[in-house]
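Just below is one structure, and these are the notes that go with it.
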Amino acid sequence: MPKKTAFYNIHEKAGAKIVEFAGYLMPVQYRSITEEHKRVRKSVGLFDLSHMGEFVVSGPGARQFVQHAVTNDINALGLGQVMYTAMCYPDGGIVDDLLVYNLGDFVYLVVNASNIDKDFAHLNGLRKTGLVASTDVKLENISDETALLAIQGPDAEKVLAKMTDYDLPSLKFYWAATSKIAGVEMLFSRTGYTGEDGFELYMAPKYAEKLWDAAMEAAREFEGEPIGLGARDSLRLEMKYALYGNDIDKTTNPLEAGLGWVVKLDKGDFVGRDALVKIKEESPKRRNVAFELKEKGFPRQHYPIVIDGKKVGEVTSGTFSPMLEKGIGTGYVPADSSKIGTEVGIDIRGKLIPAEIVKPPFYKHGTRK
């Protein structure tokens with residue numbers, strides 16, 4: 001039975017098209033996906049992200065434990081700073097991509113909705129390996145006790161400023177703070193998945209409707225509106241942000257996926273390091289590339305990517321870009337065919353549509369890269 005988020009009644013009243021996604025009933029769109037997408041690019045939109053997972057890692061061994069579990073170097077984080085990273089299996093395959101918050105007394109992890117149970121089991125397994133005494137690490141899954149509201153777009157700061165006295169200009173991108181927002185004390189961060197400025201607000205579910213209403217009221221001046229999963233997907237793809245289950249999974253590694261920048265091989269040992277060192281030394285055999293269609297078409301996941309009449313890969317993510325007004329997508333191709341400017345074809349239901357490998361992001365005018 002799919003779960004309902006704390007914002008579900010609001011979506012229903014707003015006439016959203018509800019779908020089951022990652023075990024939750026979520027709004028895919030309220031009106032046109034294209035119009036919702038453009039609203040976020042031009043002004044501001046509100047997202048229910050309560051399906052995401054939140055873990056608290058505490059105890060004297062918490063930082064050392066997380067440092068061993070992820071590919072990036074969390075020791076570089078200042079107090080209140082947020083980091084994007086990946087968790088890998090010993091063979092270098094990706095368990096998940098996630099955010100790590102350094103909150104001083106504990107480390108806060110935000111994981112993908114579809115991976116909550118798997119990630120929690122994976123981390124619990126690492127707890128028992130003996131690297132850090134299990135008594136020194138406490139791992140809690142607080143996903144069900146957390147509602148998550150995102151405010152995204154060039155006007156996001158102006159909207160949030162109406163709801164809090166916090167000095168928002170002082171909060172840098174990928175930093176977090178705790179403050180009263182609409183009268184409720186909560187954790188929030190200057191983070192997002194859209195390529196625009198924005199904030200993500202973590203709260204107890206009982207405050208969700210109050211916060212949503214306050215945010216909608218504050219956003220009215222900027223013609224802000226609720227945004228569904230459909231536009232969230234097209235927004236992230238215009239930035240070539242990876243989506244777990246499409247672009248990355250246990251069969252892909254961060255180096256071939258274009259996530260080498262979150263892999264710090266010199267930070268000391270971590271799960272998957274040996275495999276990733278070998279992959280880097282031998283150079284990845286394939287690369288996840290960005291492509292743009294040269295003719296009208298809508299590339300979808302699993303459509304064949306063709307070079308010189310031969311299938312060399314498949315589309316991992318694809319859409320019609322509302323901002324570029326053309327088909328865009330990503331997919332894995334052999335490393336020797338991954339150069340910017342390489343001509344490829346996308347097989348769309350038997351018709352080969354010409355495309356070109358381009359340098360990401362597709363949309364280059366976002367307020368945040």
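Residues in the structure tokens are named by chain (A, B, ... in the order shown) and by number from 1 within that chain; ligands are numbered from 1 in the order shown.
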Env of Lys285 of chain A: 9 Å cut, atoms = only C-alpha atoms, seq-sep filter 6 positions within chain, self excluded. Answer as a ChimeraX atom specification. /A:256,279,333-336
Residue contacts of Ala16 of chain A (9 Å, only C-alpha atoms) excluding same-chain residues fewer than 6 positions away, as a ChimeraX atom specification: /A:10,26-31,228
Among segment 133-348 of chain A, which residues does DSSP mark as helix (DSSP H, G or I) when it is run on the backbone? Keep the chain and numbering as in the structure and answer as number ranges by chain. A: 134-136, 143-145, 156-161, 168-170, 205-222, 229-238, 260-262, 273-282, 335-337
Counting only C-alpha atoms, which residue out of A:Pro299, A:Gly366, A:Pro254, A:Pro205 sits closest to Ala6 of chain A?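 Smallest separation from Ala6 of chain A among the options: A:Pro205.
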Between A:Ile151, A:Ile305, A:Ala62, A:Leu25, which has the minimum distance to Glu196 of chain A (counting only C-alpha atoms)?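 Nearest candidate to Glu196 of chain A out of A:Ile151, A:Ile305, A:Ala62, A:Leu25: A:Ile151.
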Residues at most 8 Å from Ala22 of chain A, counting only C-alpha atoms, excluding those fewer than 2 positions away in the same chain, as a PyMOL selection string? chain A and resi 20+24+51+113-114
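You will find atom CA of Phe47 of chain A at 19.5 Å from atom CA of Ile116 of chain A.
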Of the listed residues A:Met203, A:Leu293, A:Ala156, A:Ile307, that which approaches Gly327 of chain A most closely, counting only C-alpha atoms: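 Ranking A:Met203, A:Leu293, A:Ala156, A:Ile307 by distance to Gly327 of chain A, first place goes to A:Leu293.
Between Pro360 of chain A and the candidates A:Lys311, A:Lys4, A:Arg41, A:Arg236, the tightest atom-to-atom separation, counting only C-alpha atoms, involves A:Arg236.
Going from atom CA of Arg190 of chain A over to atom CA of Tyr166 of chain A, you cover 12.6 Å.
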All strand (DSSP E or B) positions in segment 91-314 of chain A, as a count of residues only: 65
Surrounding residues of Arg39 of chain A excluding itself and chain neighbours under 2 positions, 10 Å, only C-alpha atoms, as a list in words: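 My reading of the contact set: Ile33, Thr34, Glu35, Glu36, His37, Arg41, Lys42, Ser43, Val44, Gly45, Gln152, Gly153, Pro154, Phe222, Glu223, Gly224, Glu225, Pro226, Ile227 and Ala231 of chain A.
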Could you write out that same residue set with N, CA and C atoms as a PDB file, in the first residue's frame?
```pdb
ATOM      1  N   ILE A  33       3.245  20.307 -17.405  1.00  0.00           N
ATOM      2  CA  ILE A  33       4.617  20.096 -16.930  1.00  0.00           C
ATOM      3  C   ILE A  33       5.523  21.193 -17.482  1.00  0.00           C
ATOM      4  N   THR A  34       5.329  21.533 -18.748  1.00  0.00           N
ATOM      5  CA  THR A  34       6.150  22.574 -19.375  1.00  0.00           C
ATOM      6  C   THR A  34       5.988  23.907 -18.665  1.00  0.00           C
ATOM      7  N   GLU A  35       4.745  24.277 -18.333  1.00  0.00           N
ATOM      8  CA  GLU A  35       4.500  25.549 -17.660  1.00  0.00           C
ATOM      9  C   GLU A  35       5.061  25.544 -16.241  1.00  0.00           C
ATOM     10  N   GLU A  36       4.942  24.410 -15.556  1.00  0.00           N
ATOM     11  CA  GLU A  36       5.513  24.305 -14.208  1.00  0.00           C
ATOM     12  C   GLU A  36       7.036  24.438 -14.277  1.00  0.00           C
ATOM     13  N   HIS A  37       7.633  23.788 -15.259  1.00  0.00           N
ATOM     14  CA  HIS A  37       9.081  23.848 -15.470  1.00  0.00           C
ATOM     15  C   HIS A  37       9.528  25.304 -15.671  1.00  0.00           C
ATOM     16  N   ARG A  41      12.114  28.090 -13.584  1.00  0.00           N
ATOM     17  CA  ARG A  41      13.226  28.779 -14.237  1.00  0.00           C
ATOM     18  C   ARG A  41      13.071  30.305 -14.161  1.00  0.00           C
ATOM     19  N   LYS A  42      11.817  30.782 -14.221  1.00  0.00           N
ATOM     20  CA  LYS A  42      11.585  32.229 -14.309  1.00  0.00           C
ATOM     21  C   LYS A  42      11.330  32.895 -12.965  1.00  0.00           C
ATOM     22  N   SER A  43      10.694  32.170 -12.034  1.00  0.00           N
ATOM     23  CA  SER A  43      10.387  32.809 -10.744  1.00  0.00           C
ATOM     24  C   SER A  43      10.556  31.831  -9.588  1.00  0.00           C
ATOM     25  N   VAL A  44       9.515  31.047  -9.255  1.00  0.00           N
ATOM     26  CA  VAL A  44       9.646  30.164  -8.093  1.00  0.00           C
ATOM     27  C   VAL A  44       8.555  29.092  -8.097  1.00  0.00           C
ATOM     28  N   GLY A  45       8.886  27.946  -7.547  1.00  0.00           N
ATOM     29  CA  GLY A  45       7.921  26.860  -7.404  1.00  0.00           C
ATOM     30  C   GLY A  45       8.139  26.111  -6.103  1.00  0.00           C
ATOM     31  N   GLN A 152      12.123  26.516  -4.917  1.00  0.00           N
ATOM     32  CA  GLN A 152      13.168  26.589  -5.930  1.00  0.00           C
ATOM     33  C   GLN A 152      12.848  27.632  -6.991  1.00  0.00           C
ATOM     34  N   GLY A 153      13.890  28.360  -7.412  1.00  0.00           N
ATOM     35  CA  GLY A 153      13.730  29.341  -8.466  1.00  0.00           C
ATOM     36  C   GLY A 153      14.485  30.614  -8.153  1.00  0.00           C
ATOM     37  N   PRO A 154      14.676  31.489  -9.143  1.00  0.00           N
ATOM     38  CA  PRO A 154      15.421  32.741  -8.919  1.00  0.00           C
ATOM     39  C   PRO A 154      14.856  33.599  -7.794  1.00  0.00           C
ATOM     40  N   PHE A 222       5.161  36.456  -6.639  1.00  0.00           N
ATOM     41  CA  PHE A 222       6.048  36.060  -7.742  1.00  0.00           C
ATOM     42  C   PHE A 222       5.386  35.027  -8.665  1.00  0.00           C
ATOM     43  N   GLU A 223       4.064  34.907  -8.515  1.00  0.00           N
ATOM     44  CA  GLU A 223       3.284  33.934  -9.287  1.00  0.00           C
ATOM     45  C   GLU A 223       3.784  32.507  -9.068  1.00  0.00           C
ATOM     46  N   GLY A 224       4.282  32.253  -7.846  1.00  0.00           N
ATOM     47  CA  GLY A 224       4.759  30.927  -7.498  1.00  0.00           C
ATOM     48  C   GLY A 224       3.631  29.919  -7.499  1.00  0.00           C
ATOM     49  N   GLU A 225       3.959  28.687  -7.746  1.00  0.00           N
ATOM     50  CA  GLU A 225       2.942  27.634  -7.808  1.00  0.00           C
ATOM     51  C   GLU A 225       3.545  26.286  -7.414  1.00  0.00           C
ATOM     52  N   PRO A 226       2.685  25.313  -7.090  1.00  0.00           N
ATOM     53  CA  PRO A 226       3.193  23.976  -6.777  1.00  0.00           C
ATOM     54  C   PRO A 226       3.706  23.292  -8.038  1.00  0.00           C
ATOM     55  N   ILE A 227       4.770  22.497  -7.865  1.00  0.00           N
ATOM     56  CA  ILE A 227       5.433  21.838  -8.992  1.00  0.00           C
ATOM     57  C   ILE A 227       5.472  20.328  -8.739  1.00  0.00           C
ATOM     58  N   ALA A 231       7.960  18.021 -13.792  1.00  0.00           N
ATOM     59  CA  ALA A 231       8.859  19.159 -14.009  1.00  0.00           C
ATOM     60  C   ALA A 231      10.154  18.997 -13.219  1.00  0.00           C
TER      61      ALA A 231
END
```
